[in-house]
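Next up, coords12.cif (mmCIF, C-alpha atoms):
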```cif
data_input
#
loop_
_atom_site.label_atom_id
_atom_site.label_comp_id
_atom_site.auth_asym_id
_atom_site.auth_seq_id
_atom_site.Cartn_x
_atom_site.Cartn_y
_atom_site.Cartn_z
CA MET A 1 -33.57 26.76 17.96
CA LYS A 2 -36.79 24.79 18.21
CA PRO A 3 -36.53 21.30 19.75
CA LYS A 4 -37.58 19.69 16.47
CA HIS A 5 -34.79 21.50 14.59
CA LEU A 6 -32.28 20.78 17.36
CA VAL A 7 -32.93 17.04 17.08
CA SER A 8 -32.49 17.22 13.30
CA PHE A 9 -29.30 19.25 13.66
CA VAL A 10 -27.78 16.89 16.26
CA GLY A 11 -28.71 13.91 14.08
CA ALA A 12 -27.02 15.49 11.06
CA VAL A 13 -23.85 16.21 13.06
CA ILE A 14 -23.70 12.60 14.33
CA ALA A 15 -24.25 11.22 10.81
CA ALA A 16 -21.55 13.49 9.36
CA ALA A 17 -19.07 12.43 12.05
CA ALA A 18 -19.81 8.74 11.47
CA LEU A 19 -19.31 9.07 7.73
CA ALA A 20 -16.13 11.15 8.09
CA ALA A 21 -14.32 8.66 10.34
CA PRO A 22 -13.61 6.05 7.64
CA ALA A 23 -12.45 8.76 5.24
CA ALA A 24 -10.04 10.16 7.82
CA ALA A 25 -8.58 6.69 8.37
CA HIS A 26 -7.32 6.58 4.79
CA HIS A 27 -4.32 8.73 4.03
CA SER A 28 -2.31 10.26 1.25
CA PHE A 29 0.92 8.42 0.37
CA ALA A 30 2.96 11.65 0.17
CA ALA A 31 1.72 12.83 3.56
CA VAL A 32 2.94 9.67 5.29
CA PHE A 33 5.78 8.17 3.20
CA ASP A 34 8.88 9.74 1.63
CA GLY A 35 8.82 8.76 -2.04
CA SER A 36 12.33 10.16 -2.58
CA LYS A 37 13.94 7.59 -0.26
CA THR A 38 14.10 3.80 -0.29
CA VAL A 39 14.86 1.53 2.66
CA THR A 40 15.67 -2.19 2.36
CA LEU A 41 14.90 -4.46 5.28
CA ASP A 42 16.37 -7.94 5.73
CA GLY A 43 14.20 -9.91 8.10
CA THR A 44 11.62 -12.53 8.88
CA VAL A 45 7.89 -12.18 8.24
CA LYS A 46 5.99 -12.31 11.50
CA GLU A 47 2.53 -11.65 10.07
CA PHE A 48 0.86 -10.85 6.73
CA ARG A 49 -2.66 -9.41 6.77
CA PHE A 50 -4.36 -9.52 3.35
CA VAL A 51 -6.91 -6.77 4.07
CA ASN A 52 -8.31 -3.44 2.85
CA PRO A 53 -7.68 -0.56 2.64
CA HIS A 54 -4.03 -1.72 2.70
CA ALA A 55 -2.49 -5.13 3.27
CA LEU A 56 0.04 -5.10 6.10
CA ALA A 57 3.01 -7.21 7.12
CA THR A 58 5.05 -7.20 10.29
CA ILE A 59 8.74 -7.97 9.77
CA ASP A 60 11.28 -8.75 12.49
CA VAL A 61 14.57 -7.08 11.54
CA ALA A 62 17.76 -7.61 13.57
CA ASP A 63 20.39 -4.86 13.68
CA ASP A 64 24.19 -5.41 13.74
CA LYS A 65 24.04 -6.19 17.48
CA GLY A 66 21.22 -8.72 17.07
CA VAL A 67 18.55 -6.45 18.56
CA VAL A 68 15.26 -7.20 16.81
CA GLN A 69 12.96 -4.37 15.80
CA GLN A 70 9.49 -4.89 14.36
CA TRP A 71 8.77 -3.04 11.13
CA THR A 72 5.37 -2.56 9.53
CA VAL A 73 5.16 -2.88 5.77
CA GLU A 74 2.14 -1.35 4.06
CA PHE A 75 1.00 -2.68 0.68
CA ASP A 76 -1.67 -1.83 -1.86
CA GLY A 77 -5.17 -2.95 -0.90
CA ARG A 78 -6.45 -6.49 -1.15
CA LEU A 79 -8.38 -5.84 -4.38
CA ASN A 80 -5.33 -4.44 -6.18
CA LEU A 81 -3.09 -7.21 -4.88
CA THR A 82 -5.65 -9.82 -5.98
CA ASN A 83 -5.60 -8.28 -9.46
CA PHE A 84 -1.81 -8.73 -9.42
CA GLY A 85 -2.26 -12.42 -8.55
CA TRP A 86 -1.59 -12.21 -4.80
CA THR A 87 -3.42 -14.29 -2.20
CA ASP A 88 -3.33 -14.43 1.58
CA ALA A 89 -0.57 -17.05 1.18
CA THR A 90 1.70 -14.95 -1.08
CA ILE A 91 3.78 -13.93 1.93
CA ARG A 92 4.03 -16.45 4.76
CA PRO A 93 4.96 -16.01 8.41
CA GLY A 94 8.46 -17.35 9.07
CA GLU A 95 9.62 -16.53 5.53
CA ARG A 96 13.01 -14.81 5.26
CA VAL A 97 12.79 -11.77 2.94
CA LYS A 98 14.44 -8.56 1.83
CA ILE A 99 11.76 -5.89 1.45
CA SER A 100 12.36 -2.49 -0.10
CA GLY A 101 10.05 0.47 0.18
CA ASN A 102 9.57 4.11 1.00
CA PRO A 103 10.07 5.01 4.67
CA GLU A 104 7.57 6.83 6.83
CA ARG A 105 8.38 10.54 7.12
CA THR A 106 8.31 10.49 10.94
CA GLY A 107 11.14 7.95 11.16
CA ALA A 108 8.82 5.28 12.56
CA PRO A 109 9.72 1.70 11.61
CA ARG A 110 7.26 1.56 8.71
CA ILE A 111 7.64 1.45 4.91
CA PHE A 112 5.40 1.33 1.87
CA PHE A 113 6.24 -1.76 -0.20
CA SER A 114 7.96 -1.58 -3.57
CA LYS A 115 9.81 -4.93 -3.82
CA ILE A 116 10.37 -8.24 -2.02
CA VAL A 117 13.26 -10.60 -2.69
CA ARG A 118 12.71 -14.06 -1.23
CA ALA A 119 15.44 -16.35 0.08
CA ASP A 120 15.34 -18.31 -3.22
CA GLY A 121 15.93 -15.07 -5.19
CA THR A 122 12.42 -14.73 -6.62
CA GLU A 123 11.00 -11.22 -6.58
CA LEU A 124 7.60 -9.66 -6.02
CA VAL A 125 7.40 -6.13 -7.35
CA ARG A 126 4.66 -3.59 -6.68
CA GLY A 127 2.19 -3.83 -9.55
CA GLY A 128 4.20 -6.55 -11.25
CA ASP A 129 3.58 -7.39 -14.89
CA ARG A 130 0.00 -6.11 -14.74
CA LEU A 131 1.12 -2.48 -14.38
CA ASN A 132 3.51 -2.91 -17.29
CA ALA A 133 0.66 -4.39 -19.37
CA ILE A 134 -1.64 -1.50 -18.44
CA GLU A 135 1.00 1.07 -19.41
CA GLU A 136 1.65 -0.73 -22.69
CA ASP A 137 -2.08 -0.78 -23.43
CA ARG A 138 -2.31 2.97 -22.73
CA ARG A 139 0.62 3.70 -25.05
CA LEU A 140 -0.93 1.54 -27.79
CA ARG A 141 -4.32 3.29 -27.52
CA ALA A 142 -2.66 6.72 -27.55
CA ALA A 143 -0.71 5.78 -30.69
CA GLN A 144 -3.91 4.51 -32.34
CA ARG A 145 -5.74 7.75 -31.51
CA ALA A 146 -2.84 9.82 -32.86
CA ALA A 147 -2.78 7.80 -36.07
CA ALA A 148 -6.57 8.11 -36.51
CA SER A 149 -6.74 11.86 -35.91
CA PRO A 150 -6.49 14.09 -38.98
CA ALA A 151 -3.18 15.87 -39.51
CA LYS A 152 -3.23 19.59 -38.76
#
```

Give the structure from this file in structure tokens form.
Amino acid sequence: MKPKHLVSFVGAVIAAAALAAPAAAHHSFAAVFDGSKTVTLDGTVKEFRFVNPHALATIDVADDKGVVQQWTVEFDGRLNLTNFGWTDATIRPGERVKISGNPERTGAPRIFFSKIVRADGTELVRGGDRLNAIEEDRRLRAAQRAAASPAK
């Protein structure tokens, strides 16, 4: 290979590797979490990070003997959570919560969020009312299209 082509080839390989790294950091839900199982944690929020690609919380959970284990809770990304009305103050460190979600397949102390019940009984549910509104809008548009299409 000529030196000129070698430099171009090496540059292309470096560029491809740099662009592939962020893509590899993001993962498929099904590859990491078991959607057929739900775990509920009763603990105290240590940290909530309102970031992309997924918001994260660290929860201290004590077992029956009082031994505390840290769990990581993964949420939708900041943009989606913002669309659901969340802010960086939606979940606060020190807050006592019950969090339900799908466990990591490896058995690591990590879940993907589906619901939080606060000490006062209020609930935060994944997607909340916005997902219900989106689904209702889809059903309405489908019904309108069906009504407008000629009968066969």

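The residue that comes closest to Ala30 of chain A, out of A:Glu104, A:Leu140, A:Val67, A:Gly121 and on the basis of only C-alpha atoms, is A:Glu104.
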
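In this model, the gap between atom CA of Val73 of chain A and atom CA of Ala55 of chain A comes to 8.4 Å.
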
Around (14.5, -10.8, -2.5) in the file's frame, which residues reach within 9 Å when counting all atoms listed in the file? Return as a list of chain:residue names?
A:Asp42, A:Arg96, A:Val97, A:Lys98, A:Ile99, A:Ser100, A:Lys115, A:Ile116, A:Val117, A:Arg118, A:Ala119, A:Asp120, A:Gly121, A:Thr122, A:Glu123, A:Leu124

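Distance-wise, atom CA of Lys46 of chain A and atom CA of Phe75 of chain A end up 15.3 Å apart.
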
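Each of A:Thr40, A:Gln69, A:Gly85, A:Phe50 was checked against Ala108 of chain A using all atoms listed in the file; the smallest atom-to-atom distance is that of A:Gln69.
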
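In this structure, atom CA of Gly127 of chain A sits 17.0 Å away from atom CA of Ala57 of chain A.
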
Residues in the PyMOL selection byres ((chain A and resi 76) around 8), expressed as a ChimeraX atom specification:
/A:53-55,74-75,77-78,80-81

Could you write those residues out with C-alpha atoms, as an mmCIF file, in the coordinates of the input?
```cif
data_model
loop_
_atom_site.group_PDB
_atom_site.id
_atom_site.type_symbol
_atom_site.label_atom_id
_atom_site.label_comp_id
_atom_site.auth_asym_id
_atom_site.auth_seq_id
_atom_site.Cartn_x
_atom_site.Cartn_y
_atom_site.Cartn_z
ATOM 1 C CA PRO A 53 -7.680 -0.560 2.640
ATOM 2 C CA HIS A 54 -4.030 -1.720 2.700
ATOM 3 C CA ALA A 55 -2.490 -5.130 3.270
ATOM 4 C CA GLU A 74 2.140 -1.350 4.060
ATOM 5 C CA PHE A 75 1.000 -2.680 0.680
ATOM 6 C CA GLY A 77 -5.170 -2.950 -0.900
ATOM 7 C CA ARG A 78 -6.450 -6.490 -1.150
ATOM 8 C CA ASN A 80 -5.330 -4.440 -6.180
ATOM 9 C CA LEU A 81 -3.090 -7.210 -4.880
#
```
